[in-house]
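Colleague: Sharing start-v2.txt below, compact mmCIF, C-alpha atoms:
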```
# COMPACT_ATOMS: atom_id res chain seq x y z
CA MET T 2 13.88 -30.89 21.57
CA LYS T 3 13.88 -28.12 24.17
CA GLY T 4 11.52 -27.66 27.07
CA SER T 5 11.08 -25.91 30.38
CA LEU T 6 9.65 -26.44 33.84
CA GLN T 7 6.51 -24.55 34.84
CA VAL T 8 4.47 -24.61 38.03
CA ARG T 9 0.70 -24.96 38.12
CA SER T 10 -1.40 -25.64 41.22
CA GLY T 11 1.69 -26.52 43.20
CA LYS T 12 2.90 -29.14 40.67
CA TYR T 13 5.79 -29.13 38.19
CA TYR T 14 4.84 -29.33 34.52
CA GLY T 15 7.07 -30.07 31.54
CA VAL T 16 6.37 -27.65 28.69
CA PHE T 17 7.59 -28.14 25.11
CA ARG T 18 6.50 -27.82 21.49
CA LYS T 19 5.67 -30.75 19.23
CA ASP T 20 4.47 -30.40 15.63
CA GLY T 21 3.89 -26.69 16.20
CA LYS T 22 1.75 -27.24 19.27
CA GLN T 23 2.64 -26.32 22.85
CA ILE T 24 2.21 -29.27 25.16
CA TRP T 25 1.95 -29.25 28.97
CA VAL T 26 2.55 -32.51 30.82
CA ASN T 27 2.00 -32.88 34.57
CA LEU T 28 5.15 -34.44 36.04
CA ASN T 29 3.29 -35.30 39.27
CA ILE T 30 6.08 -33.76 41.35
CA ASP T 31 5.28 -31.35 44.18
CA ALA T 32 6.77 -27.90 43.50
CA LYS T 33 7.32 -27.36 47.23
CA GLY T 34 10.55 -28.40 48.94
CA ASN T 35 13.77 -29.51 47.22
CA ASN T 36 12.17 -31.28 44.25
CA LYS T 37 13.48 -29.12 41.40
CA ARG T 38 16.36 -31.45 40.54
CA LYS T 39 13.96 -34.38 40.47
CA ALA T 40 11.65 -32.40 38.22
CA GLU T 41 14.51 -31.48 35.85
CA LYS T 42 15.41 -35.16 35.49
CA ALA T 43 11.76 -36.02 34.82
CA LEU T 44 11.63 -33.26 32.20
CA GLN T 45 14.63 -34.68 30.35
CA GLU T 46 13.05 -38.14 30.33
CA LEU T 47 9.82 -36.60 29.06
CA LEU T 48 11.59 -34.74 26.24
CA LEU T 49 13.41 -37.92 25.25
CA LYS T 50 10.14 -39.81 25.11
CA TYR T 51 8.33 -37.24 22.98
CA SER T 52 11.25 -36.50 20.68
CA ASN T 53 10.97 -39.89 18.97
CA ASP T 54 8.52 -40.89 16.28
CA ASP T 55 6.28 -42.84 18.65
CA TYR T 56 4.57 -39.77 20.01
CA ILE T 57 0.85 -39.65 19.23
CA SER T 58 -1.80 -37.03 19.89
CA ASN T 59 -5.46 -36.60 19.07
CA ASP T 60 -4.59 -33.71 16.74
CA MET T 61 -2.73 -35.94 14.31
CA LEU T 62 -4.37 -37.05 11.07
CA PHE T 63 -6.45 -40.20 11.40
CA THR T 64 -4.39 -41.93 8.69
CA ASP T 65 -1.15 -40.98 10.48
CA TYR T 66 -2.58 -42.39 13.69
CA LEU T 67 -3.27 -45.71 11.95
CA ASP T 68 0.38 -45.90 10.87
CA MET T 69 1.51 -45.14 14.40
CA TRP T 70 -0.91 -47.68 15.88
CA LEU T 71 0.39 -50.41 13.57
CA LYS T 72 3.96 -49.60 14.54
CA GLN T 73 3.31 -49.58 18.26
CA SER T 74 1.03 -52.61 18.32
CA LYS T 75 3.33 -54.90 16.31
CA PRO T 76 5.23 -56.24 19.36
CA LEU T 77 1.98 -56.70 21.28
CA ILE T 78 0.02 -59.08 19.03
CA LYS T 79 0.53 -62.25 17.05
CA PRO T 80 2.40 -61.74 13.75
CA SER T 81 -0.47 -63.21 11.73
CA THR T 82 -2.91 -60.80 13.42
CA TRP T 83 -0.63 -57.84 12.70
CA GLU T 84 -0.31 -58.82 9.06
CA GLY T 85 -4.10 -58.92 8.80
CA TYR T 86 -4.39 -55.48 10.41
CA ASN T 87 -1.73 -54.04 8.11
CA LYS T 88 -3.41 -55.45 5.00
CA VAL T 89 -6.79 -53.97 5.95
CA VAL T 90 -5.35 -50.57 6.90
CA SER T 91 -3.25 -50.17 3.76
CA GLY T 92 -5.71 -51.78 1.34
CA LYS T 93 -9.12 -50.67 2.59
CA ILE T 94 -9.12 -47.99 5.28
CA LYS T 95 -6.40 -45.51 4.26
CA PRO T 96 -7.42 -45.30 0.58
CA TYR T 97 -10.91 -44.19 1.65
CA PHE T 98 -9.88 -41.71 4.35
CA ALA T 99 -6.63 -40.41 2.79
CA ASP T 100 -8.16 -37.38 1.03
CA LYS T 101 -10.68 -36.51 3.75
CA GLY T 102 -8.14 -34.91 6.09
CA TYR T 103 -9.83 -36.04 9.29
CA LYS T 104 -7.91 -35.57 12.51
CA LEU T 105 -8.35 -38.11 15.26
CA SER T 106 -10.20 -35.45 17.24
CA ASP T 107 -12.64 -34.83 14.34
CA LEU T 108 -14.04 -38.33 14.14
CA LYS T 109 -17.57 -39.40 15.05
CA GLY T 110 -19.44 -42.67 14.79
CA ARG T 111 -21.36 -41.39 11.73
CA HIS T 112 -18.13 -41.17 9.73
CA PHE T 113 -17.77 -44.93 10.02
CA THR T 114 -21.43 -45.70 9.45
CA GLY T 115 -21.00 -43.98 6.08
CA TYR T 116 -17.76 -45.85 5.47
CA PHE T 117 -19.38 -49.24 6.10
CA VAL T 118 -22.23 -48.38 3.71
CA TYR T 119 -19.61 -47.46 1.11
CA LEU T 120 -17.83 -50.78 1.64
CA LYS T 121 -21.07 -52.69 1.14
CA GLU T 122 -21.78 -50.90 -2.14
CA HIS T 123 -18.33 -50.16 -3.61
CA GLY T 124 -15.71 -51.86 -1.43
CA ARG T 125 -14.28 -54.40 -3.87
CA SER T 126 -10.75 -53.72 -5.07
CA ASP T 127 -11.70 -54.52 -8.68
CA ASN T 128 -14.45 -51.85 -8.59
CA LYS T 129 -17.07 -54.47 -9.39
CA GLY T 130 -19.34 -53.99 -6.42
CA GLY T 131 -19.33 -54.20 -2.67
CA LEU T 132 -18.00 -56.43 0.06
CA CYS T 133 -19.85 -59.18 1.84
CA GLN T 134 -20.93 -58.76 5.45
CA LYS T 135 -18.09 -60.90 6.79
CA ALA T 136 -15.48 -58.74 5.04
CA VAL T 137 -17.01 -55.50 6.34
CA LEU T 138 -17.22 -56.92 9.86
CA ASN T 139 -13.53 -57.80 9.66
CA ILE T 140 -12.63 -54.22 8.70
CA ARG T 141 -14.91 -52.97 11.46
CA GLY T 142 -13.04 -55.16 13.93
CA VAL T 143 -9.68 -53.74 12.86
CA LEU T 144 -10.96 -50.19 13.34
CA SER T 145 -12.37 -51.08 16.74
CA SER T 146 -8.97 -52.44 17.81
CA ALA T 147 -7.26 -49.26 16.60
CA PHE T 148 -9.62 -47.05 18.57
CA ARG T 149 -9.47 -49.27 21.63
CA TYR T 150 -5.72 -48.58 21.67
CA ALA T 151 -6.39 -44.83 21.34
CA LEU T 152 -8.87 -45.05 24.21
CA GLU T 153 -6.32 -46.85 26.39
CA ASN T 154 -3.87 -44.00 25.72
CA ASP T 155 -6.40 -41.26 26.56
CA LEU T 156 -6.46 -39.90 23.01
CA ILE T 157 -10.23 -40.25 22.59
CA LYS T 158 -13.18 -40.34 24.94
CA TYR T 159 -14.98 -43.33 23.44
CA ASN T 160 -14.54 -45.97 20.75
CA PHE T 161 -16.12 -44.48 17.61
CA ILE T 162 -16.99 -47.90 16.22
CA GLU T 163 -19.31 -48.55 19.15
CA ARG T 164 -21.36 -45.56 17.96
CA SER T 165 -21.46 -46.60 14.33
CA ARG T 166 -23.92 -48.86 12.56
CA MET T 167 -23.59 -51.62 10.00
CA PRO T 168 -25.62 -51.62 6.78
CA MET T 169 -28.36 -54.22 6.39
CA TYR T 170 -27.44 -57.52 4.73
CA GLU T 171 -29.59 -60.45 3.72
CA PRO T 172 -28.80 -63.21 6.22
CA LYS T 173 -26.43 -65.85 4.84
CA LYS T 174 -25.31 -68.95 6.66
CA PHE T 175 -21.92 -70.46 5.97
CA GLU T 176 -22.10 -74.21 5.56
CA PRO T 177 -18.74 -75.92 6.09
CA THR T 178 -17.78 -79.01 4.14
CA ILE T 179 -17.91 -81.91 6.58
CA TYR T 180 -16.29 -85.15 5.46
CA THR T 181 -18.01 -88.43 6.11
CA ALA T 182 -16.19 -91.30 7.79
CA GLU T 183 -15.76 -92.91 4.37
CA GLN T 184 -14.17 -89.76 2.93
CA ILE T 185 -11.81 -89.47 5.92
CA LYS T 186 -10.80 -93.11 5.48
CA THR T 187 -10.11 -92.44 1.79
CA LEU T 188 -7.89 -89.49 2.64
CA LEU T 189 -5.99 -91.27 5.43
CA THR T 190 -5.50 -94.41 3.35
CA TYR T 191 -4.14 -92.39 0.42
CA ALA T 192 -1.81 -90.43 2.72
CA GLU T 193 -0.48 -93.65 4.23
CA GLU T 194 -0.08 -95.53 0.95
CA THR T 195 1.73 -92.64 -0.76
CA LYS T 196 3.86 -91.95 2.33
CA SER T 197 2.71 -88.35 2.24
CA LYS T 198 4.61 -85.91 4.44
CA MET T 199 1.19 -84.92 5.79
CA CYS T 200 0.33 -88.47 6.83
CA LEU T 201 1.15 -88.07 10.53
CA PHE T 202 -0.49 -84.65 10.68
CA LEU T 203 -3.70 -85.99 9.14
CA PHE T 204 -3.89 -89.01 11.44
CA LEU T 205 -3.32 -86.79 14.48
CA GLU T 206 -5.96 -84.37 13.24
CA MET T 207 -8.62 -86.99 12.57
CA PHE T 208 -8.13 -88.74 15.91
CA THR T 209 -7.92 -85.62 18.08
CA GLY T 210 -9.96 -82.93 16.34
CA ALA T 211 -7.22 -80.52 17.40
CA ARG T 212 -6.72 -77.10 15.88
CA LYS T 213 -4.02 -76.91 13.22
CA GLY T 214 -1.88 -74.60 15.33
CA GLU T 215 -2.15 -76.96 18.29
CA LEU T 216 -0.73 -79.85 16.28
CA LEU T 217 2.00 -77.70 14.73
CA ALA T 218 3.00 -76.68 18.28
CA LEU T 219 3.04 -80.26 19.58
CA THR T 220 6.46 -81.10 21.03
CA TRP T 221 7.94 -84.45 21.90
CA ASP T 222 7.91 -83.75 25.63
CA ASN T 223 4.10 -83.67 25.35
CA VAL T 224 3.90 -87.13 23.80
CA ASN T 225 3.49 -89.89 26.40
CA PHE T 226 4.39 -93.21 24.79
CA ASP T 227 3.72 -95.09 28.02
CA ASP T 228 0.15 -93.89 28.38
CA GLY T 229 -0.58 -93.58 24.66
CA THR T 230 -1.60 -89.91 24.96
CA ILE T 231 -0.58 -86.47 23.81
CA HIS T 232 -0.90 -83.35 25.93
CA ILE T 233 -2.21 -80.35 24.00
CA CYS T 234 -1.13 -77.24 25.85
CA GLN T 235 0.19 -74.73 23.31
CA ASN T 236 -0.40 -73.20 19.90
CA ARG T 237 1.77 -72.02 17.02
CA THR T 238 0.41 -69.35 14.73
CA GLY T 239 1.97 -68.42 11.44
CA SER T 240 2.73 -65.63 9.10
CA LYS T 241 1.96 -65.62 5.38
CA LYS T 242 5.42 -64.26 4.69
CA GLU T 243 7.63 -66.32 6.97
CA VAL T 244 7.80 -69.39 9.18
CA LEU T 245 7.69 -68.38 12.82
CA ASP T 246 9.01 -70.31 15.79
CA ILE T 247 6.67 -68.68 18.29
CA ILE T 248 4.63 -70.65 20.82
CA THR T 249 1.51 -69.18 22.39
CA SER T 250 -1.17 -70.48 24.73
CA PRO T 251 -4.20 -72.37 23.34
CA LYS T 252 -7.16 -70.42 21.99
CA THR T 253 -9.22 -71.03 25.16
CA LYS T 254 -8.43 -72.06 28.72
CA ASN T 255 -10.21 -75.35 27.98
CA GLY T 256 -7.73 -75.89 25.14
CA ILE T 257 -5.25 -77.46 27.57
CA ARG T 258 -6.18 -81.13 27.51
CA THR T 259 -4.82 -84.66 27.34
CA VAL T 260 -6.02 -86.80 24.42
CA PRO T 261 -5.53 -90.57 24.06
CA LEU T 262 -4.58 -91.99 20.67
CA PRO T 263 -5.07 -95.42 19.07
CA GLU T 264 -2.11 -97.77 18.97
CA LYS T 265 -1.67 -97.25 15.23
CA VAL T 266 -1.14 -93.50 15.62
CA MET T 267 1.20 -94.00 18.58
CA ASP T 268 3.26 -96.37 16.40
CA MET T 269 3.38 -93.66 13.73
CA LEU T 270 4.67 -91.22 16.34
CA LYS T 271 7.36 -93.70 17.44
CA ALA T 272 8.44 -94.14 13.82
CA GLU T 273 8.56 -90.37 13.30
CA LYS T 274 10.63 -89.89 16.45
CA ALA T 275 13.15 -92.49 15.24
CA LEU T 276 13.25 -90.91 11.77
CA GLN T 277 13.95 -87.48 13.20
CA GLU T 278 16.77 -88.83 15.34
CA HIS T 279 18.25 -90.54 12.26
CA ASN T 280 17.99 -87.36 10.15
CA LYS T 281 19.51 -85.32 12.94
CA SER T 282 22.56 -87.60 13.19
CA LEU T 283 22.86 -87.77 9.40
CA LEU T 284 22.58 -84.05 8.65
CA LYS T 285 24.33 -82.85 11.84
CA ASP T 286 24.64 -79.03 11.72
CA CYS T 287 22.45 -78.89 8.61
CA TYR T 288 19.49 -80.23 10.58
CA LYS T 289 17.29 -77.30 11.53
CA SER T 290 16.88 -76.85 15.28
CA TYR T 291 14.58 -74.62 17.30
CA ASP T 292 13.92 -73.70 20.89
CA TYR T 293 11.16 -76.32 20.84
CA ASP T 294 11.44 -79.96 19.76
CA TYR T 295 8.51 -80.10 17.36
CA VAL T 296 6.77 -83.30 16.29
CA ILE T 297 5.51 -82.04 12.91
CA ARG T 298 8.52 -81.05 10.82
CA GLN T 299 10.23 -81.68 7.49
CA GLU T 300 13.09 -84.09 6.79
CA ASP T 301 15.73 -81.42 7.39
CA GLY T 302 14.08 -80.45 10.68
CA SER T 303 12.38 -77.34 9.30
CA ILE T 304 8.91 -76.55 10.60
CA TYR T 305 6.01 -75.84 8.27
CA ASN T 306 4.37 -72.53 7.56
CA PRO T 307 0.73 -73.17 8.58
CA ASN T 308 -0.46 -71.97 5.18
CA SER T 309 1.71 -74.51 3.37
CA ILE T 310 -0.14 -77.28 5.24
CA ASN T 311 -3.35 -76.09 3.58
CA ARG T 312 -1.81 -76.14 0.10
CA ILE T 313 -0.27 -79.60 0.46
CA ILE T 314 -3.48 -81.20 1.71
CA LYS T 315 -5.62 -79.45 -0.92
CA LYS T 316 -3.42 -80.95 -3.66
CA MET T 317 -4.01 -84.36 -2.10
CA THR T 318 -7.80 -84.00 -1.89
CA ASP T 319 -7.96 -82.63 -5.44
CA LYS T 320 -5.97 -85.60 -6.71
CA ILE T 321 -8.25 -88.20 -5.14
CA GLY T 322 -11.45 -86.33 -6.00
CA LEU T 323 -12.55 -85.23 -2.53
CA PRO T 324 -14.38 -81.91 -2.18
CA HIS T 325 -12.37 -79.01 -0.83
CA CYS T 326 -12.53 -78.92 2.97
CA ARG T 327 -10.81 -76.45 5.25
CA ILE T 328 -8.51 -78.09 7.76
CA HIS T 329 -10.45 -76.40 10.54
CA ASP T 330 -13.58 -78.18 9.32
CA TYR T 331 -11.98 -81.55 10.06
CA ARG T 332 -12.88 -80.64 13.64
CA HIS T 333 -16.53 -80.58 12.59
CA ALA T 334 -16.13 -84.02 11.04
CA VAL T 335 -14.59 -85.42 14.23
CA ALA T 336 -17.40 -83.89 16.30
CA SER T 337 -20.07 -85.28 13.94
CA MET T 338 -18.64 -88.81 14.09
CA LEU T 339 -18.45 -88.70 17.87
CA PHE T 340 -22.03 -87.42 18.17
CA GLU T 341 -23.32 -90.04 15.76
CA SER T 342 -21.54 -92.77 17.73
CA GLY T 343 -23.37 -91.69 20.88
CA THR T 344 -20.57 -89.80 22.61
CA PRO T 345 -22.01 -87.31 25.15
CA LEU T 346 -21.83 -83.65 24.20
CA ALA T 347 -19.68 -82.91 27.26
CA ASP T 348 -17.05 -85.41 26.14
CA VAL T 349 -16.94 -83.99 22.63
CA THR T 350 -16.46 -80.54 24.11
CA THR T 351 -13.46 -81.76 26.09
CA GLN T 352 -12.04 -83.66 23.11
CA LEU T 353 -12.01 -80.54 20.93
CA GLY T 354 -10.86 -78.18 23.66
CA HIS T 355 -13.89 -75.93 23.46
CA GLY T 356 -14.92 -73.58 26.20
CA GLN T 357 -18.49 -74.18 25.01
CA THR T 358 -20.28 -76.26 22.38
CA SER T 359 -23.10 -74.89 20.26
CA THR T 360 -24.19 -77.83 18.15
CA THR T 361 -27.73 -78.12 19.46
CA GLU T 362 -27.54 -75.59 22.25
CA ARG T 363 -24.97 -73.44 24.01
CA ILE T 364 -23.61 -75.37 26.95
CA TYR T 365 -20.81 -74.71 29.37
CA ILE T 366 -18.76 -77.61 30.67
CA HIS T 367 -16.75 -77.50 33.92
CA ARG T 368 -14.70 -80.65 34.24
CA HIS T 369 -11.18 -82.12 34.32
CA ASN T 370 -9.77 -81.74 30.82
CA VAL T 371 -8.81 -85.32 29.96
CA ALA T 372 -10.58 -86.69 26.90
CA LYS T 373 -11.99 -90.19 27.32
CA SER T 374 -10.30 -93.15 25.68
CA GLU T 375 -13.79 -94.22 24.54
CA ASN T 376 -13.71 -91.24 22.19
CA ILE T 377 -10.74 -92.72 20.33
CA LYS T 378 -12.35 -96.17 20.07
CA ALA T 379 -15.47 -94.52 18.65
CA LEU T 380 -13.40 -92.71 16.01
CA SER T 381 -11.42 -95.85 15.11
CA ASP T 382 -14.60 -97.92 14.77
CA THR T 383 -16.36 -95.25 12.71
CA ILE T 384 -13.47 -94.61 10.31
CA GLY T 385 -12.60 -98.29 10.15
CA ILE T 386 -8.84 -97.85 10.69
```
Can you dump the structure from the file as structure tokens?
Modeller:
Amino acid sequence: MKGSLQVRSGKYYGVFRKDGKQIWVNLNIDAKGNNKRKAEKALQELLLKYSNDDYISNDMLFTDYLDMWLKQSKPLIKPSTWEGYNKVVSGKIKPYFADKGYKLSDLKGRHFTGYFVYLKEHGRSDNKGGLCQKAVLNIRGVLSSAFRYALENDLIKYNFIERSRMPMYEPKKFEPTIYTAEQIKTLLTYAEETKSKMCLFLFLEMFTGARKGELLALTWDNVNFDDGTIHICQNRTGSKKEVLDIITSPKTKNGIRTVPLPEKVMDMLKAEKALQEHNKSLLKDCYKSYDYDYVIRQEDGSIYNPNSINRIIKKMTDKIGLPHCRIHDYRHAVASMLFESGTPLADVTTQLGHGQTSTTERIYIHRHNVAKSENIKALSDTIGI
């Protein structure tokens, strides 16, 4: 790519052509004095930057911008989030806008109001009707993220999604499946008796109410055998396509907390630690190692894909006749048992690592994040284990 220096209002500008369009970029270098060599160097850096495929402008097609946004945002977000974005863009957004020829600079909020109405009426991939409100809101969120990135890069003047409207839906309330104490005992007993590979995970889940990613990110240096506690301070998200060894911070700042465990679960942790040491010495170089010394792992040291956890536990619940329950909803069960046992709302909030709890009302808690040992006794007494 070739370019030249030009002077406007006493400043050096880099001038070049990209996609048939002449582009002027202010180099922010004073044209007075001996600054020409500095400006020439800045021009070469500018030409190098814009000669690659990452250059974006508001005159590019909207669908091309989406491709560029996905490419540039991939290193900036969690892999699972990027996969979700990519699926929505390729499966829902681009097929609708591909033949419309909109440039980024052409778009208005009304274009997306019409799109959301279309999704409600005809958005299903099997052409058998429209999408539910939750699905449309998810697509809306992806578009909002894409335009927020464009706004940050001065390609647009406002986020178009903020000036769009959603179609009307009949209100529907999602009701999660919440296991009773008896159902939890049935599941834990079965896992223990069959020596399920999910046994430790399930016991940790039911006695902490932790998020799945928090337990999958638990490392041995955060297990305190002397105090009988675990320190939850990190999260591991996954990818549907691959197992990722990537640790992130908890979902909320209140997610960093110390949780006591009953003696039975601490004994299970001690047994697992010893088993891992045995497998490591037995398998030697064949034992899978990572940057982090994870607690929840397979016999060969491999860590689980978070989605595989769901499948394994669903097979277990199907086999023993329990209703399907999302792993995340185990948190609801833990909260319900604690409430019913008389545990104060503030303590439940700390136990689960919430920034706020909205069971009966929205409440904000500001306190030291160490869950009370009374919580664990309440859970043990309620489950009967």
Colleague: Need to verify the contact set: Lys93 (chain T), 9 Å, all atoms listed in the file, exclusion of same-chain residues closer than 6 positions in sequence. Can you return it as a ChimeraX atom specification?
Modeller: /T:120,124,126,140
Colleague: Measuring between all atoms listed in the file, which one of T:Val118, T:Lys316, T:Thr195, T:Trp25 shows the shortest distance to Gly130 (chain T)?
Modeller: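 Answer, going by the shortest atom-to-atom distance: T:Val118.
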Colleague: Give me, as a VMD selection string, all polymer residues having an atom no more than 12 Å from region 335-343 of chain T, counting only C-alpha atoms and skipping those fewer than 4 positions away in the same chain.
Modeller: chain T and resid 178 to 183 185 204 to 212 328 to 331 347 to 355 358 to 361 373 375 to 385
Colleague: Which one is closest to Lys19 (chain T): T:Lys281, T:Arg312, T:Lys33, T:Lys3? Count all atoms listed in the file.
Modeller: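 The answer is T:Lys3, which sits nearest to Lys19 (chain T).
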Colleague: May I have the residues at most 12 Å from (-2.6, -62.0, 6.0) in the file's coordinates, counting only C-alpha atoms, as a list in words?
Modeller: Lys79, Pro80, Ser81, Thr82, Trp83, Glu84, Gly85, Tyr86, Asn87, Lys88, Val89, Val90, Gly92, Thr238, Gly239, Ser240, Lys241, Lys242, Glu243, Pro307 and Asn308 of chain T
Colleague: Using all atoms listed in the file, can you list as a list in words the residues within 10 Å of (-26.2, -58.5, 7.3)?
Modeller: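 The residues that fall inside the cut-off are Lys121, Cys133, Gln134, Lys135, Val137, Leu138, Met167, Pro168, Met169, Tyr170, Glu171, Pro172 and Lys173 of chain T.
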Colleague: Can you spit out the residues from that selection as a PDB file, in the frame of the given file, using C-alpha atoms?
Modeller:
```pdb
ATOM      1  CA  LYS T 121     -21.070 -52.690   1.140  1.00  0.00           C
ATOM      2  CA  CYS T 133     -19.850 -59.180   1.840  1.00  0.00           C
ATOM      3  CA  GLN T 134     -20.930 -58.760   5.450  1.00  0.00           C
ATOM      4  CA  LYS T 135     -18.090 -60.900   6.790  1.00  0.00           C
ATOM      5  CA  VAL T 137     -17.010 -55.500   6.340  1.00  0.00           C
ATOM      6  CA  LEU T 138     -17.220 -56.920   9.860  1.00  0.00           C
ATOM      7  CA  MET T 167     -23.590 -51.620  10.000  1.00  0.00           C
ATOM      8  CA  PRO T 168     -25.620 -51.620   6.780  1.00  0.00           C
ATOM      9  CA  MET T 169     -28.360 -54.220   6.390  1.00  0.00           C
ATOM     10  CA  TYR T 170     -27.440 -57.520   4.730  1.00  0.00           C
ATOM     11  CA  GLU T 171     -29.590 -60.450   3.720  1.00  0.00           C
ATOM     12  CA  PRO T 172     -28.800 -63.210   6.220  1.00  0.00           C
ATOM     13  CA  LYS T 173     -26.430 -65.850   4.840  1.00  0.00           C
TER      14      LYS T 173
END
```
Colleague: Would you compute the distance between CA of His123 (chain T) and CA of Ala147 (chain T)? Give it in Å to one decimal.
Modeller: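 Computing the Euclidean distance for CA of His123 (chain T) and CA of Ala147 (chain T) yields 23.1 Å.
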Colleague: So the first atom is CA of Lys37 (chain T) and the second is CA of Leu156 (chain T); what is the distance between them in Å, to one decimal place?
Modeller: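 Between these atoms lies a distance of 29.2 Å.
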Colleague: Which value, in Å to one decimal, gives the distance between CA of Val260 (chain T) and CA of His232 (chain T)?
Modeller: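 Going from CA of Val260 (chain T) over to CA of His232 (chain T) covers 6.4 Å.
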Colleague: Using only C-alpha atoms, pick whichever of T:Gly4, T:Ala32, T:Ala192, T:Arg9 has the shortest atom-to-atom distance to Thr318 (chain T).
Modeller: T:Ala192
Colleague: Write out as a JSON list (two decimals) with C-alpha atoms, in the coordinates of the input which residues come within 9 Å of Gly229 (chain T) when counting only C-alpha atoms, dropping same-chain ones fewer than 6 positions away.
Modeller:
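New file result.json:
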```
[["chain", "number", "residue", "atom", "x", "y", "z"],
["T", 260, "VAL", "CA", -6.02, -86.80, 24.42],
["T", 261, "PRO", "CA", -5.53, -90.57, 24.06],
["T", 262, "LEU", "CA", -4.58, -91.99, 20.67],
["T", 263, "PRO", "CA", -5.07, -95.42, 19.07],
["T", 264, "GLU", "CA", -2.11, -97.77, 18.97],
["T", 267, "MET", "CA", 1.20, -94.00, 18.58]]
```
Colleague: Between T:Asn27, T:Thr64, T:Thr259, T:Asn280, single out the one closest to Leu108 (chain T), counting only C-alpha atoms.
Modeller: T:Thr64
Colleague: Can you pull out every residue within 9 Å of region 218-221 of chain T, counting all atoms listed in the file, but drop anything in the same chain fewer than 6 positions away, and send it as a list in words?
Modeller: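 Once the adjacent positions are removed, what remains is Ile231, His232, Ile233, Cys234, Gln235, Asn236, Arg237, Thr238, Ile247, Ile248, Thr249, Lys274, Tyr293, Asp294, Tyr295, Val296 and Ile297 of chain T.
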Colleague: For Gln73 (chain T), which residue among T:Met269, T:Leu49, T:Ala136, T:Ala151 is the nearest when counting all atoms listed in the file?
Modeller: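 Selected residue with least distance to Gln73 (chain T): T:Ala151.
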Colleague: Would it be fine to have region 151-161 of chain T, with N, CA, C and O atoms, given as a PDB file, in the first residue's frame?
Modeller:
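Writing the result to part-v1.pdb gives the following:
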```
ATOM      1  N   ALA T 151     -18.247  -1.267  17.661  1.00  0.00           N
ATOM      2  CA  ALA T 151     -18.161  -0.258  16.590  1.00  0.00           C
ATOM      3  C   ALA T 151     -18.170   1.151  17.175  1.00  0.00           C
ATOM      4  O   ALA T 151     -17.457   2.042  16.694  1.00  0.00           O
ATOM      5  N   LEU T 152     -18.949   1.346  18.228  1.00  0.00           N
ATOM      6  CA  LEU T 152     -19.012   2.653  18.883  1.00  0.00           C
ATOM      7  C   LEU T 152     -17.675   2.987  19.540  1.00  0.00           C
ATOM      8  O   LEU T 152     -17.194   4.124  19.444  1.00  0.00           O
ATOM      9  N   GLU T 153     -17.055   1.989  20.164  1.00  0.00           N
ATOM     10  CA  GLU T 153     -15.755   2.200  20.800  1.00  0.00           C
ATOM     11  C   GLU T 153     -14.677   2.572  19.784  1.00  0.00           C
ATOM     12  O   GLU T 153     -13.697   3.250  20.115  1.00  0.00           O
ATOM     13  N   ASN T 154     -14.852   2.120  18.540  1.00  0.00           N
ATOM     14  CA  ASN T 154     -13.876   2.394  17.489  1.00  0.00           C
ATOM     15  C   ASN T 154     -14.299   3.537  16.574  1.00  0.00           C
ATOM     16  O   ASN T 154     -13.780   3.676  15.456  1.00  0.00           O
ATOM     17  N   ASP T 155     -15.256   4.342  17.037  1.00  0.00           N
ATOM     18  CA  ASP T 155     -15.691   5.561  16.329  1.00  0.00           C
ATOM     19  C   ASP T 155     -16.204   5.284  14.922  1.00  0.00           C
ATOM     20  O   ASP T 155     -16.071   6.124  14.016  1.00  0.00           O
ATOM     21  N   LEU T 156     -16.826   4.127  14.728  1.00  0.00           N
ATOM     22  CA  LEU T 156     -17.389   3.804  13.420  1.00  0.00           C
ATOM     23  C   LEU T 156     -18.846   4.220  13.305  1.00  0.00           C
ATOM     24  O   LEU T 156     -19.356   4.416  12.206  1.00  0.00           O
ATOM     25  N   ILE T 157     -19.524   4.355  14.438  1.00  0.00           N
ATOM     26  CA  ILE T 157     -20.924   4.769  14.469  1.00  0.00           C
ATOM     27  C   ILE T 157     -21.101   5.794  15.585  1.00  0.00           C
ATOM     28  O   ILE T 157     -20.246   5.921  16.454  1.00  0.00           O
ATOM     29  N   LYS T 158     -22.200   6.502  15.538  1.00  0.00           N
ATOM     30  CA  LYS T 158     -22.428   7.562  16.516  1.00  0.00           C
ATOM     31  C   LYS T 158     -23.256   7.098  17.707  1.00  0.00           C
ATOM     32  O   LYS T 158     -23.273   7.759  18.749  1.00  0.00           O
ATOM     33  N   TYR T 159     -23.977   5.998  17.549  1.00  0.00           N
ATOM     34  CA  TYR T 159     -24.755   5.463  18.663  1.00  0.00           C
ATOM     35  C   TYR T 159     -25.004   3.976  18.405  1.00  0.00           C
ATOM     36  O   TYR T 159     -24.838   3.482  17.284  1.00  0.00           O
ATOM     37  N   ASN T 160     -25.354   3.266  19.453  1.00  0.00           N
ATOM     38  CA  ASN T 160     -25.653   1.846  19.344  1.00  0.00           C
ATOM     39  C   ASN T 160     -27.066   1.694  18.800  1.00  0.00           C
ATOM     40  O   ASN T 160     -28.040   2.034  19.464  1.00  0.00           O
ATOM     41  N   PHE T 161     -27.199   1.150  17.598  1.00  0.00           N
ATOM     42  CA  PHE T 161     -28.499   1.045  16.930  1.00  0.00           C
ATOM     43  C   PHE T 161     -29.514   0.246  17.746  1.00  0.00           C
ATOM     44  O   PHE T 161     -30.717   0.511  17.669  1.00  0.00           O
TER      45      PHE T 161
END
```
